[in-house]
>>> print(open('run26.pdb').read())   # PDB, C-alpha atoms
ATOM      1  CA  MET A 146      91.400  62.530  56.696  1.00  0.00           C
ATOM      2  CA  VAL A 147      94.229  64.402  55.058  1.00  0.00           C
ATOM      3  CA  GLY A 148      94.470  68.116  55.846  1.00  0.00           C
ATOM      4  CA  GLU A 149      94.203  70.806  53.238  1.00  0.00           C
ATOM      5  CA  GLY A 150      97.377  71.236  51.227  1.00  0.00           C
ATOM      6  CA  TRP A 151      98.685  67.717  51.807  1.00  0.00           C
ATOM      7  CA  VAL A 152      99.061  65.639  48.662  1.00  0.00           C
ATOM      8  CA  PRO A 153     100.509  62.177  48.022  1.00  0.00           C
ATOM      9  CA  SER A 154     104.229  62.289  47.247  1.00  0.00           C
ATOM     10  CA  ASN A 155     105.928  60.415  44.445  1.00  0.00           C
ATOM     11  CA  GLY A 156     107.557  58.270  47.103  1.00  0.00           C
ATOM     12  CA  ASN A 157     106.263  57.258  50.498  1.00  0.00           C
ATOM     13  CA  GLY A 158     104.020  59.485  52.603  1.00  0.00           C
ATOM     14  CA  TRP A 159     102.619  62.933  51.923  1.00  0.00           C
ATOM     15  CA  GLU A 160     104.027  66.277  50.919  1.00  0.00           C
ATOM     16  CA  MET A 161     102.811  69.675  52.096  1.00  0.00           C
ATOM     17  CA  THR A 162     102.217  72.143  49.305  1.00  0.00           C
ATOM     18  CA  SER A 163     102.069  75.813  50.233  1.00  0.00           C
ATOM     19  CA  ALA A 164     104.172  78.913  49.809  1.00  0.00           C
ATOM     20  CA  ARG A 165     105.061  79.003  53.513  1.00  0.00           C
ATOM     21  CA  VAL A 166     106.153  75.385  53.580  1.00  0.00           C
ATOM     22  CA  GLU A 167     108.342  76.018  50.547  1.00  0.00           C
ATOM     23  CA  VAL A 168     109.958  79.056  52.209  1.00  0.00           C
ATOM     24  CA  LEU A 169     110.463  77.125  55.470  1.00  0.00           C
ATOM     25  CA  ARG A 170     112.084  74.290  53.528  1.00  0.00           C
ATOM     26  CA  ILE A 171     114.401  76.575  51.562  1.00  0.00           C
ATOM     27  CA  LEU A 172     115.390  78.598  54.644  1.00  0.00           C
ATOM     28  CA  LEU A 173     116.213  75.447  56.627  1.00  0.00           C
ATOM     29  CA  ILE A 174     118.460  74.213  53.834  1.00  0.00           C
ATOM     30  CA  GLU A 175     120.143  77.630  53.520  1.00  0.00           C
ATOM     31  CA  ARG A 176     120.696  77.946  57.277  1.00  0.00           C
ATOM     32  CA  ARG A 177     122.127  74.426  57.500  1.00  0.00           C
ATOM     33  CA  LYS A 178     124.521  75.095  54.625  1.00  0.00           C
ATOM     34  CA  GLN A 179     125.496  78.517  56.055  1.00  0.00           C
ATOM     35  CA  ALA A 180     126.379  76.711  59.285  1.00  0.00           C
ATOM     36  CA  GLY A 181     128.662  74.447  57.246  1.00  0.00           C
ATOM     37  CA  LEU A 182     126.703  71.317  58.125  1.00  0.00           C
ATOM     38  CA  THR A 183     125.807  68.354  55.956  1.00  0.00           C
ATOM     39  CA  GLN A 184     122.564  66.510  56.581  1.00  0.00           C
ATOM     40  CA  VAL A 185     124.572  63.759  58.288  1.00  0.00           C
ATOM     41  CA  GLN A 186     126.370  66.240  60.553  1.00  0.00           C
ATOM     42  CA  LEU A 187     123.095  67.940  61.479  1.00  0.00           C
ATOM     43  CA  ALA A 188     121.494  64.597  62.339  1.00  0.00           C
ATOM     44  CA  GLU A 189     124.490  63.789  64.546  1.00  0.00           C
ATOM     45  CA  LYS A 190     124.180  67.152  66.332  1.00  0.00           C
ATOM     46  CA  LEU A 191     120.477  66.556  66.884  1.00  0.00           C
ATOM     47  CA  GLY A 192     121.244  63.279  68.652  1.00  0.00           C
ATOM     48  CA  SER A 193     119.530  59.982  69.198  1.00  0.00           C
ATOM     49  CA  GLY A 194     116.641  59.188  66.890  1.00  0.00           C
ATOM     50  CA  TRP A 195     117.788  61.604  64.194  1.00  0.00           C
ATOM     51  CA  HIS A 196     119.169  60.317  60.909  1.00  0.00           C
ATOM     52  CA  GLN A 197     120.233  61.856  57.615  1.00  0.00           C
ATOM     53  CA  SER A 198     117.034  60.507  56.074  1.00  0.00           C
ATOM     54  CA  THR A 199     114.943  62.360  58.702  1.00  0.00           C
ATOM     55  CA  VAL A 200     116.689  65.646  57.881  1.00  0.00           C
ATOM     56  CA  ALA A 201     116.279  64.965  54.144  1.00  0.00           C
ATOM     57  CA  SER A 202     112.551  64.255  54.592  1.00  0.00           C
ATOM     58  CA  MET A 203     112.078  67.579  56.381  1.00  0.00           C
ATOM     59  CA  GLU A 204     114.105  69.474  53.805  1.00  0.00           C
ATOM     60  CA  ASN A 205     112.227  68.006  50.851  1.00  0.00           C
ATOM     61  CA  GLY A 206     108.800  68.611  52.385  1.00  0.00           C
ATOM     62  CA  GLN A 207     107.845  64.978  52.961  1.00  0.00           C
ATOM     63  CA  ARG A 208     107.858  65.275  56.750  1.00  0.00           C
ATOM     64  CA  LYS A 209     106.156  67.829  58.992  1.00  0.00           C
ATOM     65  CA  ILE A 210     108.243  69.599  61.642  1.00  0.00           C
ATOM     66  CA  ASP A 211     106.649  70.093  65.036  1.00  0.00           C
ATOM     67  CA  VAL A 212     107.432  73.081  67.252  1.00  0.00           C
ATOM     68  CA  LEU A 213     109.832  71.230  69.560  1.00  0.00           C
ATOM     69  CA  GLU A 214     111.714  69.773  66.601  1.00  0.00           C
ATOM     70  CA  PHE A 215     111.912  73.262  65.084  1.00  0.00           C
ATOM     71  CA  LEU A 216     113.445  74.624  68.293  1.00  0.00           C
ATOM     72  CA  LYS A 217     115.936  71.764  68.382  1.00  0.00           C
ATOM     73  CA  LEU A 218     116.845  72.421  64.743  1.00  0.00           C
ATOM     74  CA  SER A 219     117.369  76.129  65.463  1.00  0.00           C
ATOM     75  CA  GLU A 220     119.705  75.312  68.351  1.00  0.00           C
ATOM     76  CA  ALA A 221     121.691  72.745  66.362  1.00  0.00           C
ATOM     77  CA  ILE A 222     122.030  74.973  63.292  1.00  0.00           C
ATOM     78  CA  GLY A 223     122.412  78.200  65.247  1.00  0.00           C
ATOM     79  CA  PHE A 224     119.643  80.494  64.061  1.00  0.00           C
ATOM     80  CA  ASP A 225     117.102  82.632  65.908  1.00  0.00           C
ATOM     81  CA  PRO A 226     113.776  80.770  65.704  1.00  0.00           C
ATOM     82  CA  ALA A 227     111.718  83.954  66.170  1.00  0.00           C
ATOM     83  CA  GLU A 228     113.419  85.746  63.268  1.00  0.00           C
ATOM     84  CA  PHE A 229     113.119  82.642  61.118  1.00  0.00           C
ATOM     85  CA  LEU A 230     109.374  82.400  61.784  1.00  0.00           C
ATOM     86  CA  LYS A 231     108.927  86.111  61.028  1.00  0.00           C
ATOM     87  CA  LEU A 232     110.367  85.458  57.574  1.00  0.00           C
ATOM     88  CA  VAL A 233     108.103  82.459  57.013  1.00  0.00           C
ATOM     89  CA  SER A 234     104.993  84.236  58.304  1.00  0.00           C
ATOM     90  CA  SER A 235     105.623  87.205  56.001  1.00  0.00           C
ATOM     91  CA  VAL A 236     104.878  84.947  53.010  1.00  0.00           C
ATOM     92  CA  ARG A 237     101.267  85.095  51.888  1.00  0.00           C
ATOM     93  CA  GLU A 238      99.494  81.878  51.004  1.00  0.00           C
TER
END
>>> encode(input="run26.pdb", output="structure tokens")
Amino acid sequence: MVGEGWVPSNGNGWEMTSARVEVLRILLIERRKQAGLTQVQLAEKLGSGWHQSTVASMENGQRKIDVLEFLKLSEAIGFDPAEFLKLVSSVRE
């Protein structure tokens, strides 16, 4: 069963629709760009198993990000995960 807020995407898979997911998505893109990284460069920094398409899927909301992936993203991009989550959690659904 699909969880609340998940809807079919126009492509493959599902997209999460909520204000917090949108803020998370936008902040990840902004942080990556501020770090001067392309999606390809970020995938390379993240290492084996990561591809540009994986980064793109996260950034466009088609792929969930688990906690360990989030921590790895924060290390690769160079942002404080606690501060980032404070910003996301300040958004009301």
>>> residues_around(input="run26.pdb", residues="region 187-190 of chain A", least_positions_apart="2", cutoff="8 Å", atoms="only C-alpha atoms", output="ChimeraX atom specification")
/A:177,182-185,192-193,195-197,199-200,221-222
>>> atom_distance(input="run26.pdb", atom1="CA of Arg170 (chain A)", atom2="CA of Leu230 (chain A)")
11.9 Å
>>> atom_distance(input="run26.pdb", atom1="CA of Leu218 (chain A)", atom2="CA of Ser198 (chain A)")
14.7 Å
>>> closest_residue(input="run26.pdb", among="A:Lys231, A:Leu191, A:Leu213, A:Glu204", to="Arg176 (chain A)", atoms="all atoms listed in the file")
A:Glu204
>>> residues_around(input="run26.pdb", residues="Ser235 (chain A)", least_positions_apart="4", cutoff="12 Å", atoms="only C-alpha atoms", output="compact mmCIF listing (two decimals) with C-alpha atoms, keeping the file's coordinate frame")
# COMPACT_ATOMS: atom_id res chain seq x y z
CA ALA A 164 104.17 78.91 49.81
CA ARG A 165 105.06 79.00 53.51
CA VAL A 168 109.96 79.06 52.21
CA LEU A 169 110.46 77.12 55.47
CA GLU A 228 113.42 85.75 63.27
CA PHE A 229 113.12 82.64 61.12
CA LEU A 230 109.37 82.40 61.78
CA LYS A 231 108.93 86.11 61.03
>>> closest_residue(input="run26.pdb", among="A:Gly223, A:Gly194, A:Arg237, A:Leu232", to="Lys178 (chain A)", atoms="all atoms listed in the file")
A:Gly223
>>> resolve_selection(input="run26.pdb", expression="the PyMOL selection byres ((chain A and resi 206) around 8)", output="PyMOL selection string")
chain A and resi 160-161+166-167+170+202-205+207-209
>>> atom_distance(input="run26.pdb", atom1="CA of Leu173 (chain A)", atom2="CA of Glu238 (chain A)")
18.8 Å
>>> closest_residue(input="run26.pdb", among="A:Phe224, A:Ser163, A:Val233, A:Phe215", to="Gln179 (chain A)", atoms="only C-alpha atoms")
A:Phe224
